[in-house]
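S.K.: This is run38.cif (mmCIF, C-alpha atoms).
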```cif
data_protein
loop_
_atom_site.label_atom_id
_atom_site.label_comp_id
_atom_site.auth_asym_id
_atom_site.auth_seq_id
_atom_site.Cartn_x
_atom_site.Cartn_y
_atom_site.Cartn_z
CA MET D 1 107.77 94.45 89.11
CA LEU D 2 110.76 92.79 90.76
CA TYR D 3 108.67 91.32 93.54
CA THR D 4 105.73 89.61 91.81
CA GLY D 5 107.27 86.10 91.89
CA CYS D 6 107.12 85.96 95.66
CA ILE D 7 103.52 87.19 95.83
CA MET D 8 102.51 84.42 93.44
CA ASN D 9 103.57 81.62 95.74
CA ASN D 10 101.36 80.88 98.72
CA GLN D 11 104.12 80.76 101.32
CA PRO D 12 104.27 83.82 103.55
CA SER D 13 107.56 85.71 103.30
CA LEU D 14 109.87 85.60 106.31
CA PRO D 15 112.05 88.43 107.70
CA GLU D 16 114.88 85.89 108.09
CA GLU D 17 115.01 85.51 104.29
CA LEU D 18 116.96 88.77 104.17
CA MET D 19 119.29 87.93 107.07
CA PHE D 20 122.33 85.69 107.00
CA GLY D 21 121.33 82.36 108.54
CA PRO D 22 119.56 79.11 107.68
CA GLU D 23 116.50 80.89 106.19
CA PHE D 24 118.57 83.24 103.98
CA SER D 25 117.25 83.45 100.42
CA LEU D 26 119.25 85.11 97.68
CA ARG D 27 116.13 85.13 95.50
CA ALA D 28 114.10 87.01 98.10
CA ASN D 29 117.02 89.39 98.61
CA LEU D 30 117.20 90.15 94.90
CA ARG D 31 113.45 90.69 94.72
CA VAL D 32 113.35 93.04 97.70
CA ASN D 33 116.69 94.82 97.45
CA SER D 34 117.38 95.10 93.70
CA TRP D 35 116.14 98.68 93.54
CA ALA D 36 118.31 99.62 96.53
CA PHE D 37 121.30 98.23 94.63
CA VAL D 38 120.31 100.21 91.51
CA ALA D 39 119.93 103.38 93.65
CA MET D 40 123.37 102.80 95.14
CA LEU D 41 124.95 102.38 91.68
CA LEU D 42 123.20 105.52 90.41
CA SER D 43 124.40 107.42 93.47
CA LEU D 44 127.99 106.30 92.85
CA ALA D 45 127.69 107.20 89.16
CA GLY D 46 126.28 110.60 90.19
CA ASP D 47 129.21 111.20 92.51
CA LEU D 48 131.65 110.41 89.67
CA LEU D 49 129.79 112.68 87.25
CA LEU D 50 129.72 115.56 89.73
CA GLU D 51 133.41 115.07 90.42
CA ARG D 52 134.27 115.19 86.72
CA TYR D 53 131.71 117.76 85.55
CA GLY D 54 131.25 119.92 88.64
CA ASP D 55 130.48 122.95 86.48
CA TRP D 56 127.10 121.60 85.33
CA ASN D 57 124.13 123.89 86.02
CA ALA D 58 121.92 123.63 89.12
CA ILE D 59 119.12 121.68 87.40
CA GLN D 60 121.52 119.03 86.06
CA ARG D 61 123.15 118.66 89.49
CA ALA D 62 119.73 118.47 91.17
CA VAL D 63 118.66 115.70 88.77
CA ILE D 64 121.84 113.74 89.52
CA ALA D 65 121.19 114.12 93.25
CA ILE D 66 117.46 113.28 93.13
CA VAL D 67 117.43 110.31 90.69
CA PRO D 68 118.89 107.79 93.23
CA LEU D 69 116.35 109.02 95.79
CA ALA D 70 113.49 108.52 93.34
CA VAL D 71 114.76 105.01 92.54
CA SER D 72 114.96 104.25 96.25
CA LEU D 73 111.17 104.84 96.39
CA LEU D 74 110.87 101.76 94.17
CA TRP D 75 112.89 99.89 96.79
CA VAL D 76 110.41 101.13 99.45
CA ARG D 77 107.58 99.74 97.30
CA SER D 78 109.31 96.33 97.06
CA PHE D 79 109.92 96.37 100.81
CA VAL D 80 106.27 97.19 101.57
CA ARG D 81 105.11 94.38 99.27
CA TRP D 82 107.50 91.99 100.96
CA VAL D 83 106.14 92.99 104.40
CA ARG D 84 102.56 92.57 103.13
CA GLY D 85 103.47 89.04 102.07
CA MET D 86 104.34 88.11 105.66
CA ASP D 87 101.97 86.46 108.10
CA GLU D 88 100.64 88.57 110.97
CA MET D 89 103.28 87.60 113.55
CA HIS D 90 106.24 88.35 111.30
CA ARG D 91 104.61 91.57 110.10
CA ARG D 92 104.28 92.68 113.70
CA LEU D 93 107.88 91.68 114.42
CA THR D 94 109.09 93.64 111.40
CA PHE D 95 107.08 96.75 112.36
CA ASP D 96 108.39 96.55 115.93
CA ALA D 97 111.97 96.19 114.66
CA CYS D 98 111.49 99.14 112.24
CA LEU D 99 110.10 101.28 115.06
CA PHE D 100 113.00 100.32 117.31
CA ALA D 101 115.52 101.12 114.55
CA THR D 102 113.90 104.48 113.75
CA VAL D 103 113.66 105.64 117.36
CA VAL D 104 117.19 104.54 118.30
CA THR D 105 118.66 106.08 115.12
CA LEU D 106 116.84 109.35 115.83
CA PHE D 107 118.22 109.32 119.35
CA VAL D 108 121.79 108.49 118.27
CA VAL D 109 121.82 111.05 115.45
CA THR D 110 120.41 113.77 117.73
CA ALA D 111 122.86 112.94 120.51
CA TRP D 112 125.73 112.83 118.03
CA HIS D 113 124.69 116.19 116.55
CA LEU D 114 124.52 117.78 120.01
CA LEU D 115 127.96 116.38 120.90
CA ASP D 116 129.24 117.58 117.52
CA GLN D 117 128.02 121.09 118.32
CA THR D 118 129.89 121.06 121.62
CA GLY D 119 133.05 120.11 119.71
CA ILE D 120 133.57 116.74 121.42
CA PHE D 121 134.09 114.82 118.15
CA PRO D 122 137.05 115.93 116.03
CA ALA D 123 136.33 116.43 112.31
CA LYS D 124 138.11 113.22 111.29
CA VAL D 125 135.89 111.10 113.52
CA ASN D 126 132.56 112.65 112.60
CA ALA D 127 133.19 113.25 108.87
CA HIS D 128 131.00 110.23 108.08
CA PHE D 129 128.17 111.78 110.14
CA HIS D 130 127.45 114.33 107.41
CA THR D 131 126.93 111.74 104.65
CA ALA D 132 123.51 110.30 103.70
CA SER D 133 124.79 106.75 104.17
CA PHE D 134 125.38 107.31 107.89
CA PRO D 135 121.71 107.33 109.09
CA ILE D 136 120.83 104.61 106.54
CA SER D 137 123.59 102.35 107.91
CA LEU D 138 122.42 103.08 111.46
CA VAL D 139 118.78 102.24 110.67
CA LEU D 140 119.85 98.95 109.04
CA ALA D 141 122.14 98.00 111.93
CA PHE D 142 119.51 98.82 114.55
CA TYR D 143 116.83 96.98 112.54
CA PHE D 144 118.87 93.76 112.77
CA VAL D 145 119.61 94.34 116.47
CA GLY D 146 115.93 95.13 117.14
CA TYR D 147 114.69 92.14 115.17
CA ALA D 148 117.06 89.75 116.97
CA ARG D 149 115.95 91.16 120.32
CA ILE D 150 112.20 91.26 119.64
CA SER D 151 111.95 87.88 117.86
CA ARG D 152 113.33 86.15 120.98
CA ARG D 153 109.95 86.81 122.65
CA TYR D 154 108.19 84.51 120.20
CA LYS D 155 110.70 81.63 120.06
CA MET V 1 95.78 83.45 126.32
CA LYS V 2 95.70 79.65 126.64
CA ASN V 3 94.87 77.38 123.73
CA LYS V 4 94.47 73.73 122.78
CA LEU V 5 96.05 74.03 119.37
CA ARG V 6 98.83 71.50 119.99
CA ASP V 7 96.35 68.83 121.15
CA LEU V 8 93.96 69.54 118.30
CA ARG V 9 96.77 69.34 115.77
CA ALA V 10 98.10 66.12 117.29
CA ALA V 11 94.62 64.58 117.14
CA LYS V 12 94.54 65.23 113.39
CA GLU V 13 98.14 63.95 113.06
CA TRP V 14 99.22 67.12 111.31
CA SER V 15 102.71 68.53 111.54
CA GLN V 16 103.22 72.22 112.35
CA SER V 17 104.10 72.75 108.69
CA ASN V 18 100.87 71.07 107.53
CA LEU V 19 98.83 73.29 109.84
CA ALA V 20 100.81 76.36 108.79
CA ASP V 21 100.02 75.64 105.12
CA LYS V 22 96.32 75.25 105.89
CA LEU V 23 96.29 78.57 107.76
CA SER V 24 98.58 80.40 105.26
CA VAL V 25 101.01 81.33 108.01
CA SER V 26 104.60 80.28 108.72
CA ARG V 27 105.57 77.25 110.81
CA GLN V 28 107.19 79.62 113.32
CA THR V 29 103.84 81.36 113.84
CA VAL V 30 102.07 78.04 114.52
CA ASN V 31 104.82 77.16 117.00
CA ALA V 32 104.56 80.57 118.72
CA ILE V 33 100.77 80.15 119.08
CA GLU V 34 101.10 76.60 120.41
CA THR V 35 103.68 77.63 122.99
CA GLU V 36 101.43 80.59 123.93
CA ARG V 37 104.09 83.15 123.15
CA TYR V 38 101.95 84.81 120.50
CA ASP V 39 98.22 85.53 120.62
CA PRO V 40 96.71 85.36 117.13
CA SER V 41 94.52 88.11 115.74
CA LEU V 42 90.76 87.58 115.83
CA PRO V 43 90.54 86.64 112.12
CA LEU V 44 93.32 84.05 112.52
CA ALA V 45 91.72 82.69 115.71
CA PHE V 46 88.42 82.27 113.82
CA LYS V 47 90.26 80.59 110.95
CA ILE V 48 91.86 78.12 113.38
CA ALA V 49 88.53 77.38 115.08
CA ARG V 50 86.78 76.86 111.73
CA LEU V 51 89.54 74.56 110.51
CA PHE V 52 88.91 72.25 113.46
CA LYS V 53 85.11 72.79 113.20
CA LEU V 54 84.98 74.19 116.73
CA LYS V 55 83.86 77.41 118.39
CA ILE V 56 86.59 79.95 119.05
CA GLU V 57 86.15 79.56 122.83
CA ASP V 58 86.71 75.79 122.48
CA VAL V 59 90.21 76.48 121.16
CA PHE V 60 91.19 79.64 123.05
CA GLU V 61 90.53 80.83 126.57
CA LEU V 62 91.73 83.75 128.63
CA ALA V 63 94.49 82.81 131.08
CA ASP V 64 92.56 83.99 134.16
CA GLU V 65 89.33 82.12 133.33
#
```
As a first step, turn the structure in this file into structure tokens.

M.R.:
Amino acid sequence: MLYTGCIMNNQPSLPEELMFGPEFSLRANLRVNSWAFVAMLLSLAGDLLLERYGDWNAIQRAVIAIVPLAVSLLWVRSFVRWVRGMDEMHRRLTFDACLFATVVTLFVVTAWHLLDQTGIFPAKVNAHFHTASFPISLVLAFYFVGYARISRRYK
Amino acid sequence: MKNKLRDLRAAKEWSQSNLADKLSVSRQTVNAIETERYDPSLPLAFKIARLFKLKIEDVFELADE
């Protein structure tokens, strides 16, 4: 729904449209990432609701927890459509960067968890580790690092 | 893989952007193919050959041939 405008035009989408730089496009960003923004707002609203009405029953609390996740599936759909709109080289670059980000995040999270178990990180340092935003932030950061590294091969 | 894309494009007096539009790819992809940093897929290689009305082997050749 939010993405159709970009499919309509004949120009292939570019990964750089979502990164700060000369190719950055606010329009493309809104089309691809609007649902992520909605999911984030719903998650924040859910946190506030749970804080204020913590005595709600299990089903109500489960709905509050799951709704942002369900909305984030719409973001995945927008992202997939955006990737499908790329030409073959940029699609390959994006897949390689996603693979890099996933593998490195898995490695970092596993290593961090093992170090956490051994008691190396004090609670204050690793408190963020137990939140859902931690692996998401890592995947995003490693995606940009991976993309910058891999795209150099083709320039 | 080696290719003659830059020469073929120059002969037609097309810019990289013109060629990219005709092939429905980005200008960066045309540049990467011309500089032999990216090998196109078989469908794209056929599309390029057909655009210049040539056989695929007239545009692309393996580096060790």

S.K.: Once the PyMOL selection byres ((chain V) within 12 of (chain D)) is applied to the coordinates I shared, what remains selected? I want it as a list in words.

M.R.: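 Applied to this file, the PyMOL selection byres ((chain V) within 12 of (chain D)) selects Ser17, Asn18, Ala20, Asp21, Lys22, Leu23, Ser24, Val25, Ser26, Arg27, Gln28, Thr29, Val30, Asn31, Ala32, Ile33, Glu34, Thr35, Glu36, Arg37, Tyr38, Asp39, Pro40, Ser41, Leu42, Pro43, Leu44 and Ala45 of chain V.
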
S.K.: Given the file shown, enumerate the residues that the PyMOL selection byres ((chain D and resi 138) around 9) captures and present them as a PDB file with C-alpha atoms, in the coordinates of the input.

M.R.:
```pdb
ATOM      1  CA  ALA D 101     115.520 101.120 114.550  1.00  0.00           C
ATOM      2  CA  THR D 102     113.900 104.480 113.750  1.00  0.00           C
ATOM      3  CA  VAL D 104     117.190 104.540 118.300  1.00  0.00           C
ATOM      4  CA  THR D 105     118.660 106.080 115.120  1.00  0.00           C
ATOM      5  CA  VAL D 108     121.790 108.490 118.270  1.00  0.00           C
ATOM      6  CA  VAL D 109     121.820 111.050 115.450  1.00  0.00           C
ATOM      7  CA  SER D 133     124.790 106.750 104.170  1.00  0.00           C
ATOM      8  CA  PHE D 134     125.380 107.310 107.890  1.00  0.00           C
ATOM      9  CA  PRO D 135     121.710 107.330 109.090  1.00  0.00           C
ATOM     10  CA  ILE D 136     120.830 104.610 106.540  1.00  0.00           C
ATOM     11  CA  SER D 137     123.590 102.350 107.910  1.00  0.00           C
ATOM     12  CA  VAL D 139     118.780 102.240 110.670  1.00  0.00           C
ATOM     13  CA  LEU D 140     119.850  98.950 109.040  1.00  0.00           C
ATOM     14  CA  ALA D 141     122.140  98.000 111.930  1.00  0.00           C
ATOM     15  CA  PHE D 142     119.510  98.820 114.550  1.00  0.00           C
ATOM     16  CA  TYR D 143     116.830  96.980 112.540  1.00  0.00           C
TER      17      TYR D 143
END
```

S.K.: Compare D:Phe37, D:Ala148, D:Thr131, D:Phe20 by their minimum atom-to-atom distance to Thr94 in chain D, counting all atoms listed in the file, and give me the closest one.

M.R.: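 With all atoms listed in the file as the atom set, the closest residue is D:Ala148.
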
S.K.: Measure the distance from CA of Arg6 in chain V to CA of Tyr147 in chain D in Å and round it to one decimal.

M.R.: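 Those two atoms sit 26.5 Å apart.
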
S.K.: Find the spatial neighbours of Val71 in chain D, counting all atoms listed in the file, within a cut-off of 9 Å - ignore same-chain residues fewer than 3 positions away - and output them as a list in words.

M.R.: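 Once the adjacent positions are removed, what remains is Trp35, Ala36, Val38, Ala39, Leu42, Ile66, Val67, Pro68, Leu74 and Trp75 of chain D.
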
S.K.: Taking the block just given, write range 11-137 of chain D to a file that holds C-alpha atoms, as a PDB file, in the first residue's frame.

M.R.:
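Dumped to out.pdb:
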```
ATOM      1  CA  GLN D  11      13.585   3.467 -12.379  1.00  0.00           C
ATOM      2  CA  PRO D  12      15.059   0.655 -10.310  1.00  0.00           C
ATOM      3  CA  SER D  13      15.237   1.439  -6.601  1.00  0.00           C
ATOM      4  CA  LEU D  14      18.675   1.975  -5.082  1.00  0.00           C
ATOM      5  CA  PRO D  15      19.916   0.861  -1.633  1.00  0.00           C
ATOM      6  CA  GLU D  16      21.542   4.298  -1.242  1.00  0.00           C
ATOM      7  CA  GLU D  17      18.069   5.889  -1.239  1.00  0.00           C
ATOM      8  CA  LEU D  18      17.729   4.831   2.395  1.00  0.00           C
ATOM      9  CA  MET D  19      21.227   5.924   3.436  1.00  0.00           C
ATOM     10  CA  PHE D  20      22.410   9.435   4.201  1.00  0.00           C
ATOM     11  CA  GLY D  21      24.335  10.678   1.166  1.00  0.00           C
ATOM     12  CA  PRO D  22      23.781  12.171  -2.287  1.00  0.00           C
ATOM     13  CA  GLU D  23      21.226   9.487  -3.306  1.00  0.00           C
ATOM     14  CA  PHE D  24      19.150   9.827  -0.104  1.00  0.00           C
ATOM     15  CA  SER D  25      15.419  10.015  -0.790  1.00  0.00           C
ATOM     16  CA  LEU D  26      12.968  10.975   1.913  1.00  0.00           C
ATOM     17  CA  ARG D  27      10.131   9.740  -0.295  1.00  0.00           C
ATOM     18  CA  ALA D  28      11.667   6.283  -0.652  1.00  0.00           C
ATOM     19  CA  ASN D  29      12.359   6.243   3.080  1.00  0.00           C
ATOM     20  CA  LEU D  30       8.741   7.033   3.880  1.00  0.00           C
ATOM     21  CA  ARG D  31       7.524   4.365   1.468  1.00  0.00           C
ATOM     22  CA  VAL D  32       9.794   1.656   2.837  1.00  0.00           C
ATOM     23  CA  ASN D  33      10.009   2.547   6.516  1.00  0.00           C
ATOM     24  CA  SER D  34       6.583   4.010   7.368  1.00  0.00           C
ATOM     25  CA  TRP D  35       5.337   0.743   8.856  1.00  0.00           C
ATOM     26  CA  ALA D  36       8.498   0.450  10.970  1.00  0.00           C
ATOM     27  CA  PHE D  37       7.753   3.918  12.340  1.00  0.00           C
ATOM     28  CA  VAL D  38       4.129   2.917  13.061  1.00  0.00           C
ATOM     29  CA  ALA D  39       5.366  -0.278  14.807  1.00  0.00           C
ATOM     30  CA  MET D  40       7.758   1.787  16.910  1.00  0.00           C
ATOM     31  CA  LEU D  41       4.973   4.198  17.945  1.00  0.00           C
ATOM     32  CA  LEU D  42       2.663   1.293  18.801  1.00  0.00           C
ATOM     33  CA  SER D  43       5.437  -0.307  20.834  1.00  0.00           C
ATOM     34  CA  LEU D  44       5.988   2.928  22.777  1.00  0.00           C
ATOM     35  CA  ALA D  45       2.228   3.303  23.310  1.00  0.00           C
ATOM     36  CA  GLY D  46       2.112  -0.330  24.489  1.00  0.00           C
ATOM     37  CA  ASP D  47       4.909   0.310  26.975  1.00  0.00           C
ATOM     38  CA  LEU D  48       3.001   3.312  28.374  1.00  0.00           C
ATOM     39  CA  LEU D  49      -0.236   1.333  28.611  1.00  0.00           C
ATOM     40  CA  LEU D  50       1.459  -1.562  30.384  1.00  0.00           C
ATOM     41  CA  GLU D  51       3.134   0.855  32.766  1.00  0.00           C
ATOM     42  CA  ARG D  52      -0.170   2.514  33.642  1.00  0.00           C
ATOM     43  CA  TYR D  53      -2.466  -0.530  33.505  1.00  0.00           C
ATOM     44  CA  GLY D  54      -0.129  -3.366  34.480  1.00  0.00           C
ATOM     45  CA  ASP D  55      -3.023  -5.284  36.023  1.00  0.00           C
ATOM     46  CA  TRP D  56      -4.653  -6.055  32.660  1.00  0.00           C
ATOM     47  CA  ASN D  57      -5.233  -9.752  31.957  1.00  0.00           C
ATOM     48  CA  ALA D  58      -2.803 -11.964  30.015  1.00  0.00           C
ATOM     49  CA  ILE D  59      -4.703 -11.751  26.705  1.00  0.00           C
ATOM     50  CA  GLN D  60      -4.791  -7.939  26.768  1.00  0.00           C
ATOM     51  CA  ARG D  61      -1.074  -7.784  27.585  1.00  0.00           C
ATOM     52  CA  ALA D  62      -0.289 -10.325  24.851  1.00  0.00           C
ATOM     53  CA  VAL D  63      -2.227  -8.235  22.301  1.00  0.00           C
ATOM     54  CA  ILE D  64      -0.299  -5.112  23.322  1.00  0.00           C
ATOM     55  CA  ALA D  65       2.977  -7.004  22.938  1.00  0.00           C
ATOM     56  CA  ILE D  66       2.114  -8.685  19.611  1.00  0.00           C
ATOM     57  CA  VAL D  67       0.455  -5.796  17.708  1.00  0.00           C
ATOM     58  CA  PRO D  68       3.755  -3.924  17.002  1.00  0.00           C
ATOM     59  CA  LEU D  69       5.279  -7.212  15.831  1.00  0.00           C
ATOM     60  CA  ALA D  70       2.359  -7.834  13.474  1.00  0.00           C
ATOM     61  CA  VAL D  71       2.679  -4.288  12.105  1.00  0.00           C
ATOM     62  CA  SER D  72       6.399  -4.840  11.592  1.00  0.00           C
ATOM     63  CA  LEU D  73       5.467  -7.660   9.168  1.00  0.00           C
ATOM     64  CA  LEU D  74       3.963  -4.931   6.978  1.00  0.00           C
ATOM     65  CA  TRP D  75       7.340  -3.204   7.113  1.00  0.00           C
ATOM     66  CA  VAL D  76       8.965  -6.495   5.985  1.00  0.00           C
ATOM     67  CA  ARG D  77       6.532  -6.560   3.048  1.00  0.00           C
ATOM     68  CA  SER D  78       7.478  -2.978   2.064  1.00  0.00           C
ATOM     69  CA  PHE D  79      11.161  -3.860   2.390  1.00  0.00           C
ATOM     70  CA  VAL D  80      10.791  -6.961   0.195  1.00  0.00           C
ATOM     71  CA  ARG D  81       8.944  -4.939  -2.451  1.00  0.00           C
ATOM     72  CA  TRP D  82      11.654  -2.299  -2.349  1.00  0.00           C
ATOM     73  CA  VAL D  83      14.342  -4.983  -2.832  1.00  0.00           C
ATOM     74  CA  ARG D  84      12.342  -6.488  -5.716  1.00  0.00           C
ATOM     75  CA  GLY D  85      12.334  -3.064  -7.354  1.00  0.00           C
ATOM     76  CA  MET D  86      16.143  -3.047  -7.483  1.00  0.00           C
ATOM     77  CA  ASP D  87      18.212  -4.145 -10.446  1.00  0.00           C
ATOM     78  CA  GLU D  88      20.137  -7.405 -10.146  1.00  0.00           C
ATOM     79  CA  MET D  89      23.434  -5.922  -8.940  1.00  0.00           C
ATOM     80  CA  HIS D  90      21.885  -3.877  -6.151  1.00  0.00           C
ATOM     81  CA  ARG D  91      19.651  -6.786  -5.153  1.00  0.00           C
ATOM     82  CA  ARG D  92      22.727  -8.954  -4.808  1.00  0.00           C
ATOM     83  CA  LEU D  93      24.521  -6.242  -2.836  1.00  0.00           C
ATOM     84  CA  THR D  94      21.538  -5.901  -0.500  1.00  0.00           C
ATOM     85  CA  PHE D  95      21.281  -9.673   0.045  1.00  0.00           C
ATOM     86  CA  ASP D  96      25.014  -9.884   0.741  1.00  0.00           C
ATOM     87  CA  ALA D  97      24.781  -6.987   3.213  1.00  0.00           C
ATOM     88  CA  CYS D  98      21.742  -8.588   4.925  1.00  0.00           C
ATOM     89  CA  LEU D  99      23.591 -11.904   5.203  1.00  0.00           C
ATOM     90  CA  PHE D 100      26.647 -10.147   6.622  1.00  0.00           C
ATOM     91  CA  ALA D 101      24.489  -8.253   9.145  1.00  0.00           C
ATOM     92  CA  THR D 102      22.605 -11.387  10.224  1.00  0.00           C
ATOM     93  CA  VAL D 103      25.707 -13.543  10.667  1.00  0.00           C
ATOM     94  CA  VAL D 104      27.705 -10.865  12.513  1.00  0.00           C
ATOM     95  CA  THR D 105      24.742 -10.011  14.767  1.00  0.00           C
ATOM     96  CA  LEU D 106      24.243 -13.698  15.578  1.00  0.00           C
ATOM     97  CA  PHE D 107      27.923 -13.972  16.429  1.00  0.00           C
ATOM     98  CA  VAL D 108      27.967 -10.808  18.576  1.00  0.00           C
ATOM     99  CA  VAL D 109      24.753 -11.692  20.423  1.00  0.00           C
ATOM    100  CA  THR D 110      25.965 -15.248  21.098  1.00  0.00           C
ATOM    101  CA  ALA D 111      29.384 -14.041  22.241  1.00  0.00           C
ATOM    102  CA  TRP D 112      27.779 -11.365  24.407  1.00  0.00           C
ATOM    103  CA  HIS D 113      25.400 -13.918  25.940  1.00  0.00           C
ATOM    104  CA  LEU D 114      28.277 -16.289  26.733  1.00  0.00           C
ATOM    105  CA  LEU D 115      30.277 -13.442  28.315  1.00  0.00           C
ATOM    106  CA  ASP D 116      27.142 -12.395  30.206  1.00  0.00           C
ATOM    107  CA  GLN D 117      26.831 -15.915  31.621  1.00  0.00           C
ATOM    108  CA  THR D 118      30.417 -15.808  32.846  1.00  0.00           C
ATOM    109  CA  GLY D 119      29.605 -12.540  34.639  1.00  0.00           C
ATOM    110  CA  ILE D 120      32.079 -10.379  32.704  1.00  0.00           C
ATOM    111  CA  PHE D 121      29.543  -7.620  31.941  1.00  0.00           C
ATOM    112  CA  PRO D 122      28.027  -5.875  34.968  1.00  0.00           C
ATOM    113  CA  ALA D 123      24.230  -5.465  34.924  1.00  0.00           C
ATOM    114  CA  LYS D 124      24.408  -1.735  34.148  1.00  0.00           C
ATOM    115  CA  VAL D 125      26.418  -2.333  30.984  1.00  0.00           C
ATOM    116  CA  ASN D 126      24.386  -5.210  29.592  1.00  0.00           C
ATOM    117  CA  ALA D 127      20.893  -4.025  30.608  1.00  0.00           C
ATOM    118  CA  HIS D 128      20.254  -2.984  26.999  1.00  0.00           C
ATOM    119  CA  PHE D 129      21.161  -6.517  25.851  1.00  0.00           C
ATOM    120  CA  HIS D 130      17.858  -7.891  27.133  1.00  0.00           C
ATOM    121  CA  THR D 131      15.681  -5.464  25.127  1.00  0.00           C
ATOM    122  CA  ALA D 132      14.250  -6.259  21.672  1.00  0.00           C
ATOM    123  CA  SER D 133      15.781  -3.090  20.226  1.00  0.00           C
ATOM    124  CA  PHE D 134      19.317  -4.341  20.878  1.00  0.00           C
ATOM    125  CA  PRO D 135      19.531  -7.027  18.124  1.00  0.00           C
ATOM    126  CA  ILE D 136      17.493  -4.811  15.757  1.00  0.00           C
ATOM    127  CA  SER D 137      19.964  -1.936  16.237  1.00  0.00           C
TER     128      SER D 137
END
```
